[in-house]
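Participant: My file is data-v8.cif. It has mmCIF, C-alpha atoms:
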data_structure
loop_
_atom_site.label_atom_id
_atom_site.label_comp_id
_atom_site.auth_asym_id
_atom_site.auth_seq_id
_atom_site.Cartn_x
_atom_site.Cartn_y
_atom_site.Cartn_z
CA MET Q 1 11.19 33.42 -0.91
CA THR Q 2 10.19 31.17 1.97
CA GLY Q 3 13.63 29.79 2.66
CA VAL Q 4 12.75 26.45 1.12
CA LEU Q 5 15.76 24.61 -0.27
CA ARG Q 6 15.88 24.33 -4.05
CA GLU Q 7 15.72 20.70 -5.08
CA PRO Q 8 18.86 20.10 -7.21
CA LEU Q 9 17.55 17.11 -9.19
CA VAL Q 10 14.19 18.44 -10.26
CA ASP Q 11 13.39 18.21 -13.98
CA PRO Q 12 12.08 21.33 -15.79
CA ASP Q 13 8.40 20.26 -15.86
CA SER Q 14 8.44 19.45 -12.17
CA ARG Q 15 10.24 22.73 -11.45
CA ALA Q 16 7.46 24.57 -13.30
CA TRP Q 17 4.86 22.84 -11.11
CA LEU Q 18 6.72 23.76 -7.92
CA ASP Q 19 7.25 27.36 -8.97
CA ALA Q 20 3.59 27.75 -9.91
CA LEU Q 21 2.36 26.16 -6.69
CA ARG Q 22 4.62 28.51 -4.72
CA GLY Q 23 3.88 31.48 -6.97
CA ALA Q 24 1.78 34.61 -6.72
CA PRO Q 25 -1.85 34.04 -5.69
CA ALA Q 26 -3.32 34.08 -9.22
CA VAL Q 27 -0.60 31.77 -10.56
CA ARG Q 28 -0.95 29.48 -7.57
CA GLU Q 29 -4.71 29.33 -7.91
CA ARG Q 30 -4.46 28.16 -11.53
CA ALA Q 31 -1.80 25.62 -10.62
CA VAL Q 32 -3.92 24.25 -7.77
CA ALA Q 33 -6.86 23.83 -10.15
CA ARG Q 34 -4.64 21.97 -12.65
CA LEU Q 35 -3.27 19.82 -9.85
CA HIS Q 36 -6.76 18.95 -8.65
CA ALA Q 37 -7.71 17.90 -12.20
CA LEU Q 38 -4.59 15.70 -12.33
CA LEU Q 39 -5.41 14.10 -9.00
CA LEU Q 40 -9.01 13.54 -10.02
CA ARG Q 41 -7.80 11.71 -13.12
CA ALA Q 42 -5.55 9.48 -10.99
CA ALA Q 43 -8.32 8.78 -8.48
CA ARG Q 44 -10.76 7.88 -11.26
CA PHE Q 45 -8.12 5.63 -12.81
CA GLU Q 46 -7.67 3.78 -9.53
CA LEU Q 47 -11.42 3.47 -8.87
CA THR Q 48 -12.21 2.35 -12.42
CA ARG Q 49 -10.07 -0.70 -11.75
CA ARG Q 50 -12.62 -1.69 -9.06
CA ASP Q 51 -16.23 -2.69 -9.43
CA LEU Q 52 -18.11 0.44 -8.38
CA PRO Q 53 -21.42 1.98 -9.48
CA PRO Q 54 -20.68 5.06 -11.67
CA ALA Q 55 -22.37 7.57 -9.36
CA GLU Q 56 -20.46 6.28 -6.37
CA LEU Q 57 -17.25 6.25 -8.36
CA ASP Q 58 -17.61 9.97 -9.10
CA ASP Q 59 -18.25 10.81 -5.46
CA LEU Q 60 -15.32 8.74 -4.23
CA ALA Q 61 -13.00 10.12 -6.93
CA THR Q 62 -13.84 13.70 -5.97
CA GLN Q 63 -13.36 12.96 -2.29
CA ALA Q 64 -10.05 11.20 -2.98
CA ALA Q 65 -8.83 14.06 -5.17
CA ASP Q 66 -9.79 16.64 -2.53
CA ASP Q 67 -7.97 14.72 0.21
CA ALA Q 68 -4.96 14.10 -2.03
CA LEU Q 69 -4.75 17.79 -2.93
CA VAL Q 70 -4.52 18.70 0.76
CA ALA Q 71 -1.83 16.04 1.28
CA VAL Q 72 0.23 17.08 -1.76
CA LEU Q 73 0.18 20.76 -0.83
CA ALA Q 74 1.10 19.94 2.77
CA LYS Q 75 4.04 17.81 1.63
CA LEU Q 76 5.21 19.98 -1.24
CA ASP Q 77 8.47 20.84 0.50
CA THR Q 78 9.33 17.15 0.84
CA PHE Q 79 9.38 16.63 -2.95
CA ARG Q 80 13.01 15.96 -3.88
CA GLY Q 81 12.73 15.30 -7.60
CA ARG Q 82 13.52 11.60 -7.40
CA SER Q 83 10.57 11.15 -9.77
CA ARG Q 84 8.55 13.53 -11.90
CA PHE Q 85 6.23 15.77 -9.91
CA THR Q 86 3.17 14.28 -11.61
CA THR Q 87 4.16 10.70 -10.67
CA TRP Q 88 4.83 11.85 -7.12
CA ALA Q 89 1.42 13.56 -6.95
CA TYR Q 90 -0.42 10.61 -8.53
CA LYS Q 91 0.54 8.31 -5.69
CA PHE Q 92 -1.34 10.46 -3.18
CA ALA Q 93 -4.55 10.26 -5.22
CA ILE Q 94 -4.16 6.53 -5.78
CA LEU Q 95 -3.65 5.95 -2.06
CA GLU Q 96 -6.67 8.03 -1.08
CA ALA Q 97 -8.88 6.37 -3.72
CA ALA Q 98 -7.72 2.86 -2.83
CA VAL Q 99 -8.31 3.40 0.88
CA LEU Q 100 -11.78 4.89 0.30
CA SER Q 101 -12.70 2.05 -1.99
CA ARG Q 102 -11.50 -0.70 0.38
CA ARG Q 103 -13.30 0.89 3.31
CA ARG Q 104 -16.45 1.16 1.21
CA ALA Q 105 -16.23 -2.52 0.29
CA TRP Q 106 -15.97 -3.46 3.97
CA ARG Q 107 -18.33 -0.87 5.44
CA ASP Q 108 -21.08 -3.40 6.20
CA ARG Q 109 -18.79 -6.27 7.07
CA GLU Q 110 -17.77 -7.27 10.52
CA VAL Q 111 -14.08 -7.56 11.29
CA ARG Q 112 -13.62 -10.00 14.12
CA LEU Q 113 -10.87 -8.85 16.42
CA ASP Q 114 -11.29 -11.30 19.26
CA ASP Q 115 -8.45 -13.63 20.10
CA ARG Q 116 -10.06 -16.76 18.67
CA GLU Q 117 -8.98 -20.25 19.49
CA TRP Q 118 -6.83 -21.28 16.55
CA SER Q 119 -8.51 -24.69 16.44
CA ALA Q 120 -11.80 -22.95 15.66
CA LEU Q 121 -10.17 -21.52 12.54
CA GLN Q 122 -9.09 -24.85 11.23
CA PRO Q 123 -11.71 -25.19 8.47
CA THR Q 124 -10.82 -21.76 7.09
CA ALA Q 125 -7.15 -22.45 7.35
CA GLN Q 126 -7.52 -25.84 5.77
CA GLU Q 127 -8.80 -24.13 2.65
CA VAL Q 128 -5.68 -22.00 2.60
CA LEU Q 129 -3.14 -24.54 3.68
CA GLU Q 130 -3.40 -27.85 1.95
CA ASP Q 131 -0.45 -29.22 3.81
CA ALA Q 132 -1.70 -30.65 7.14
CA GLU Q 133 1.77 -30.72 8.60
CA VAL Q 134 2.35 -27.06 7.91
CA LEU Q 135 -1.11 -26.26 9.22
CA ALA Q 136 -0.20 -27.96 12.50
CA ILE Q 137 3.00 -25.91 12.74
CA VAL Q 138 1.10 -22.70 12.02
CA ARG Q 139 -1.55 -23.55 14.59
CA ASP Q 140 0.99 -24.44 17.30
CA THR Q 141 3.07 -21.35 16.60
CA LEU Q 142 0.03 -19.08 16.73
CA ARG Q 143 -1.02 -20.63 20.04
CA ASP Q 144 2.34 -20.91 21.76
CA ARG Q 145 4.69 -18.27 20.38
CA MET Q 146 2.58 -15.27 19.50
CA THR Q 147 0.98 -12.57 21.57
CA ALA Q 148 -2.79 -12.16 21.45
CA HIS Q 149 -2.28 -8.98 19.40
CA GLN Q 150 -0.10 -10.79 16.85
CA ARG Q 151 -2.69 -13.56 16.57
CA ARG Q 152 -5.52 -11.08 15.99
CA VAL Q 153 -3.61 -9.14 13.36
CA PHE Q 154 -2.26 -12.20 11.56
CA THR Q 155 -5.67 -13.88 11.52
CA ALA Q 156 -7.46 -10.79 10.19
CA LEU Q 157 -4.88 -9.91 7.52
CA ALA Q 158 -3.43 -13.21 6.40
CA LEU Q 159 -6.35 -15.57 6.86
CA ASP Q 160 -9.56 -13.53 6.83
CA GLY Q 161 -8.31 -11.25 4.03
CA VAL Q 162 -9.20 -7.98 5.75
CA PRO Q 163 -7.52 -5.10 3.87
CA ILE Q 164 -4.79 -3.55 5.98
CA ASP Q 165 -6.22 -0.03 5.91
CA VAL Q 166 -9.67 -1.31 6.90
CA LEU Q 167 -8.11 -3.09 9.86
CA ALA Q 168 -6.08 0.01 10.72
CA GLU Q 169 -9.27 2.08 10.83
CA ARG Q 170 -11.09 -0.47 13.02
CA MET Q 171 -8.16 -0.83 15.39
CA ALA Q 172 -7.40 2.91 15.40
CA CYS Q 173 -3.76 2.46 14.46
CA THR Q 174 -1.58 2.98 11.40
CA ARG Q 175 -1.12 0.70 8.43
CA GLY Q 176 2.63 0.69 9.08
CA ALA Q 177 2.19 -0.48 12.67
CA LEU Q 178 -0.08 -3.31 11.54
CA TYR Q 179 2.32 -4.40 8.83
CA LYS Q 180 5.15 -4.48 11.37
CA THR Q 181 3.03 -6.77 13.57
CA LEU Q 182 2.23 -8.99 10.57
CA HIS Q 183 5.90 -9.03 9.59
CA ASP Q 184 6.97 -10.13 13.08
CA ALA Q 185 4.27 -12.81 13.17
CA ARG Q 186 5.32 -14.13 9.77
CA ARG Q 187 8.95 -14.22 10.87
CA LYS Q 188 8.02 -16.42 13.83
CA LEU Q 189 5.99 -18.69 11.57
CA ARG Q 190 8.77 -18.98 8.99
CA ALA Q 191 11.25 -19.83 11.73
CA ALA Q 192 8.92 -22.50 13.10
CA VAL Q 193 8.32 -24.01 9.66
CA GLU Q 194 12.04 -24.02 8.92
CA GLU Q 195 12.79 -25.64 12.28
CA ALA Q 196 10.30 -28.41 11.63
CA THR Q 197 11.05 -29.16 7.98
CA MET U 1 6.29 -23.49 -7.52
CA THR U 2 3.11 -25.49 -6.80
CA PRO U 3 -0.09 -23.55 -5.96
CA GLU U 4 0.15 -24.87 -2.39
CA ARG U 5 3.70 -23.61 -2.03
CA GLU U 6 2.69 -20.30 -3.52
CA THR U 7 -0.20 -20.01 -1.03
CA LEU U 8 2.13 -20.89 1.80
CA ARG U 9 4.63 -18.28 0.68
CA GLY U 10 1.83 -15.72 0.57
CA LEU U 11 0.81 -16.62 4.10
CA LEU U 12 4.30 -16.67 5.55
CA GLY U 13 5.41 -13.60 3.62
CA PRO U 14 8.68 -12.89 1.88
CA ALA U 15 11.81 -14.22 3.55
CA GLU U 16 13.93 -11.44 2.07
CA PRO U 17 14.48 -8.14 3.93
CA GLU U 18 11.68 -5.69 3.17
CA ILE U 19 10.76 -2.10 3.77
CA GLY U 20 7.54 -1.07 5.56
CA CYS U 21 4.34 0.52 4.24
CA GLU U 22 5.38 4.12 4.98
CA GLU U 23 8.73 3.73 3.24
CA CYS U 24 7.00 1.99 0.37
CA PHE U 25 4.69 4.96 -0.11
CA GLU U 26 7.60 7.37 0.13
CA LEU U 27 9.63 5.58 -2.55
CA VAL U 28 7.09 3.94 -4.87
CA ASP U 29 7.13 6.80 -7.40
CA GLU U 30 10.91 6.59 -7.72
CA TYR U 31 10.70 2.80 -7.99
CA VAL U 32 8.02 2.88 -10.71
CA GLU U 33 9.90 5.42 -12.81
CA ALA U 34 13.13 3.45 -12.50
CA GLU U 35 11.33 0.32 -13.65
CA LEU U 36 9.70 2.05 -16.60
CA ALA U 37 13.02 3.58 -17.62
CA GLY U 38 14.69 0.16 -17.53
CA ARG U 39 16.95 1.17 -14.66
CA ASP U 40 17.80 -1.06 -11.71
CA ALA U 41 14.71 -0.33 -9.58
CA ASP U 42 15.50 -3.03 -7.02
CA GLY U 43 19.04 -1.72 -6.65
CA ARG U 44 17.75 1.81 -6.10
CA VAL U 45 15.07 0.77 -3.61
CA PRO U 46 16.21 -2.39 -1.82
CA GLY U 47 13.42 -4.19 -0.01
CA MET U 48 10.64 -2.78 -2.20
CA ARG U 49 10.12 -5.96 -4.24
CA ALA U 50 9.78 -8.09 -1.10
CA HIS U 51 7.34 -5.62 0.45
CA LEU U 52 5.15 -5.59 -2.66
CA GLU U 53 5.08 -9.36 -2.47
CA GLY U 54 4.04 -9.33 1.18
CA CYS U 55 1.59 -6.41 1.28
CA PRO U 56 -1.46 -6.71 -1.00
CA ALA U 57 -2.59 -3.11 -0.41
CA CYS U 58 0.77 -1.59 -1.34
CA ARG U 59 0.95 -3.97 -4.28
CA GLU U 60 -2.42 -2.74 -5.61
CA GLU U 61 -1.35 0.88 -5.31
CA TYR U 62 2.00 0.21 -6.96
CA GLU U 63 0.27 -1.55 -9.86
CA SER U 64 -2.12 1.37 -10.32
CA LEU U 65 0.68 3.92 -10.25
CA ARG U 66 2.70 1.92 -12.72
CA ALA U 67 -0.27 1.48 -15.08
CA LEU U 68 -1.16 5.15 -14.84
CA THR U 69 2.40 6.31 -15.43
CA ASP U 70 3.30 3.86 -18.18
CA PRO U 71 2.72 5.68 -21.48
CA PRO U 72 0.72 3.67 -24.04
CA ASP U 73 2.69 2.39 -27.02
#
Let me see the file written as structure tokens.
Facilitator:
Amino acid sequence: MTGVLREPLVDPDSRAWLDALRGAPAVRERAVARLHALLLRAARFELTRRDLPPAELDDLATQAADDALVAVLAKLDTFRGRSRFTTWAYKFAILEAAVLSRRRAWRDREVRLDDREWSALQPTAQEVLEDAEVLAIVRDTLRDRMTAHQRRVFTALALDGVPIDVLAERMACTRGALYKTLHDARRKLRAAVEEAT
Amino acid sequence: MTPERETLRGLLGPAEPEIGCEECFELVDEYVEAELAGRDADGRVPGMRAHLEGCPACREEYESLRALTDPPD
């Protein structure tokens, strides 16, 4: 016994997974193989929803399943039984597969991170925002009320459509930190739009 | 809602309180199972719905998890 707390809410199937993954070496080895197969299925499911060549799909699915297996085993003691173990494990494979696939889609694309003049973005923004009055508010707020970092992040994520995990990789930060920046930028924009309308 | 308003809402994000990406990942399995069981998912995980509206990446992953977990009829 490792001193790990028993999760009181865990259903019998999930309990069986946990016991096997914490079991004797032979039992654990079989459970890890079954878990890897489960994660591979989830990764393939996620990648099949995207337009990928079959050979590349297999490679990415295997890589995603391998990475997810490491993550699941590392976080096993955080499983609290608020969902079934399989659903909990699936999300790791889906995350890994989605991130790999988005990065692959953007691998040859430049992500501009310079603090551009908002006026230079007007044609792009005009396609997004049909309302000229709102566009003016957005432009003024970006220029006057946001930091350069907020402008860069908002422009990349909300206007240029860069996936958040691609941007996180290029900026060497976390997805959560970027979303917080986007959230704060949006809050300023909403306040400005509300003030003006 | 007109397409323009919808686009604007997408750009400005949800006005409602929302959780972040890390919390979304932590709770998405519970949220999906609550939804599929017909329980009050938004009551159990407040702020999840708004986050899924505002974060396309988390939304994609939620949709995949839900589709994978939802048993076929």
Participant: Going by the chain IDs and residue numbers used in this file, which residues fall under the PyMOL selection byres ((chain U) within 7 of (chain Q))? Write them as a PyMOL selection string.
Facilitator: chain U and resi 4+7-8+11-13+20-22+29-30+33+57+61+64-65+69
Participant: Nearest to Leu68 (chain U): which of Q:Ala55, Q:Leu39, Q:Val111, Q:Trp106 is it, counting only C-alpha atoms?
Facilitator: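 Once distances to Leu68 (chain U) are computed over only C-alpha atoms, the minimum belongs to Q:Leu39.
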Participant: Just say which residues the PyMOL selection byres ((chain U and resi 54) around 7) picks in this file, as a list of chain:residue names.
Facilitator: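 Applied to this file, the PyMOL selection byres ((chain U and resi 54) around 7) returns U:Gly10, U:Gly13, U:Pro14, U:Ala50, U:His51, U:Leu52, U:Glu53, U:Cys55, U:Pro56.
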Participant: How many Å lie between CA of Leu100 (chain Q) and CA of Leu167 (chain Q), rounded to one decimal?
Facilitator: 13.0 Å
Participant: Could you please determine the separation between CA of Val153 (chain Q) and CA of Ala64 (chain Q) in Å, to one decimal place?
Facilitator: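 Value for the CA of Val153 (chain Q)-CA of Ala64 (chain Q) distance: 26.9 Å.
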Participant: Just how far from CA of Leu40 (chain Q) is CA of Pro53 (chain Q), in Å to one decimal?
Facilitator: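 If I compute the distance from CA of Pro53 (chain Q) to CA of Leu40 (chain Q), I get 17.0 Å.
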Participant: Going by the chain IDs and residue numbers used in this file, which residues fall under the PyMOL selection byres ((chain U and resi 47) around 10)? Write them as a PyMOL selection string.
Facilitator: chain U and resi 16-20+23-24+42-46+48-52
Participant: Which residue gives the smallest distance to Leu27 (chain U) among Q:Arg80, Q:His36, Q:Arg109, Q:Arg143, with all atoms listed in the file counted?
Facilitator: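 Answer, going by the shortest atom-to-atom distance: Q:Arg80.
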